[in-house]
Structures are given as C-alpha cells and as structure tokens.
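Below: the structure, in structure tokens.
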Amino acid sequence: STGSSLIFPQSVDNVRDLWAAFWRFWNRIGIEYGTRYADFGSRTIVPPNQRKPPFWRECQPLFQIKFSAFHGNDENYMAYFKAINDYGLTWIHGYPSCIMPFASFVAQNGLTFDNLSRP
C-alpha cells in the first residue's frame, strides 16, 4: 500500500443514505438513533504536537466524540477512559487497530466503564 487514500466523489444524497444505513444497522443491534459514541478513526483530530488532553473533539451532528489515534499511550489512554465515562458514552466504534491498544490498557488496569453496554 502507498498509504494514500483513494478519492470517491459522493453526492449529498449518497452521504445521507450511507448514514441512514449505518443507523439502521446500529438500531437493529440495540443502539438508538442519536446515541452519542466514542469514535476511534484514523483522521487527525488534534494537532500531532499537542501534549496535553483533550485529545478528542465532539462532533455534534454525528453524535460522535472523536478520539485521536495518534496520541495513544498509557497516560493518554487514562484520559480517554475518563472522557468516555464523563461523557456517559455507551458504545465505541472505529478501527480495530485503534481500539485494541486502548481496550488492552483498560483490561490490564482493571478499569470498568460506567455506561458502556454490550449489544
């Protein structure tokens, strides 16, 4: 892989239909439309040289709290854990390669989320 993304032009209608399909799927597994969630993607959320939390941003139209995949370390994972609890988030979505190190940190430290649910 070259690491560069492919560009697929999409109409506004296509993007709307895509999000409707996502929410229909999520609704079928018990997640109601409008439920805020933690999103671990690969986009730059905060400046790469930022050294202190928050390493996340709220995206209200999509009900997301987007967490930076580029700031993952034990110190920052504790801040992520606290933010997920403080926001009362009930589910996590994203790339497994971004979620797994965080999940391992949570498990290794015996942490328990306040509101996270299992569909």
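By convention in this document, the chains of the structure tokens carry letters A, B, ... by their order, each chain's residues are numbered from 1, and ligands are numbered from 1 in the order they are shown.
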
Please build the interface table for range 57-98 of chain A against range 102-117 of chain A with a cut-off of 8 Å, listing for each qualifying residue the nearest atom pair and the distance in Å to one decimal; count only C-alpha atoms, order rows by chain and increasing number, and write it as JSON lines.
```
{"residue": "A:Gly72", "atom": "CA", "partner": "A:Phe102", "partner_atom": "CA", "distance": 7.5}
{"residue": "A:Asp74", "atom": "CA", "partner": "A:Phe105", "partner_atom": "CA", "distance": 6.9}
{"residue": "A:Tyr77", "atom": "CA", "partner": "A:Phe102", "partner_atom": "CA", "distance": 6.2}
{"residue": "A:Phe81", "atom": "CA", "partner": "A:Phe113", "partner_atom": "CA", "distance": 7.6}
{"residue": "A:Ile84", "atom": "CA", "partner": "A:Phe113", "partner_atom": "CA", "distance": 7.8}
{"residue": "A:Asn85", "atom": "CA", "partner": "A:Asp114", "partner_atom": "CA", "distance": 5.8}
{"residue": "A:Gly88", "atom": "CA", "partner": "A:Asn115", "partner_atom": "CA", "distance": 5.9}
{"residue": "A:Leu89", "atom": "CA", "partner": "A:Asn115", "partner_atom": "CA", "distance": 6.3}
{"residue": "A:Thr90", "atom": "CA", "partner": "A:Leu116", "partner_atom": "CA", "distance": 4.0}
{"residue": "A:Trp91", "atom": "CA", "partner": "A:Leu116", "partner_atom": "CA", "distance": 5.5}
{"residue": "A:Cys98", "atom": "CA", "partner": "A:Phe102", "partner_atom": "CA", "distance": 7.3}
```

Go ahead and dump the residues you just picked, N, CA and C atoms, as a tab-separated table (two decimals), in the first residue's frame.
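Contents of selection-v6.tsv, as written:
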```tsv
chain	number	residue	atom	x	y	z
A	72	GLY	N	-2.10	7.79	21.23
A	72	GLY	CA	-2.30	6.62	22.08
A	72	GLY	C	-1.07	6.21	22.87
A	74	ASP	N	-0.20	5.02	27.40
A	74	ASP	CA	-0.87	4.73	28.67
A	74	ASP	C	-1.38	5.97	29.39
A	77	TYR	N	-4.35	7.20	27.38
A	77	TYR	CA	-5.48	6.27	27.44
A	77	TYR	C	-6.28	6.46	28.73
A	81	PHE	N	-10.21	7.12	28.82
A	81	PHE	CA	-11.12	6.35	29.67
A	81	PHE	C	-12.01	7.30	30.50
A	84	ILE	N	-14.62	9.07	28.26
A	84	ILE	CA	-15.74	8.20	27.89
A	84	ILE	C	-16.73	8.10	29.04
A	85	ASN	N	-16.23	7.97	30.25
A	85	ASN	CA	-17.11	7.93	31.42
A	85	ASN	C	-17.78	9.28	31.65
A	88	GLY	N	-20.53	9.91	29.38
A	88	GLY	CA	-21.60	8.92	29.52
A	88	GLY	C	-21.81	8.10	28.25
A	89	LEU	N	-20.74	7.89	27.49
A	89	LEU	CA	-20.86	7.17	26.23
A	89	LEU	C	-21.18	5.70	26.49
A	90	THR	N	-22.02	5.14	25.61
A	90	THR	CA	-22.47	3.77	25.82
A	90	THR	C	-21.91	2.79	24.80
A	91	TRP	N	-21.22	3.29	23.77
A	91	TRP	CA	-20.62	2.37	22.81
A	91	TRP	C	-19.43	3.00	22.12
A	98	CYS	N	-7.06	0.80	16.15
A	98	CYS	CA	-7.07	1.95	17.06
A	98	CYS	C	-7.70	1.58	18.40
```

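Secondary structure by DSSP on the backbone puts the following residues of chain A in strand (DSSP E or B): Tyr37, Ala38, Asp39, Phe40, Trp56, Arg57, Glu58, Cys59, Gln64, Ile65, Lys66, Phe67, Ile92, His93 and Gly94 of chain A.
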
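Take the candidates A:Val46, A:Ile99, A:Ala38, A:Cys59 and check each one against Lys82 in chain A using only C-alpha atoms; the shortest distance goes to A:Ala38.
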
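Each of A:Asn14, A:Asn73, A:Ser97, A:Ser5 was checked against Arg51 in chain A using only C-alpha atoms; the smallest atom-to-atom distance is that of A:Asn73.
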
Write out as a ChimeraX atom specification the residues lying within 12 Å of Glu32 in chain A, counting only C-alpha atoms and excluding same-chain residues fewer than 3 positions away.
/A:22-29,35-37,63,90-91,119

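Between CA of Gln60 in chain A and CA of Gly34 in chain A the interatomic distance comes to 9.6 Å.
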
What's around Phe55 in chain A at 8 Å? Count only C-alpha atoms, leave out sequence neighbours fewer than 6 positions away in its own chain, and write the answer as a PyMOL selection string.
chain A and resi 45-46+67-68+71+76+80
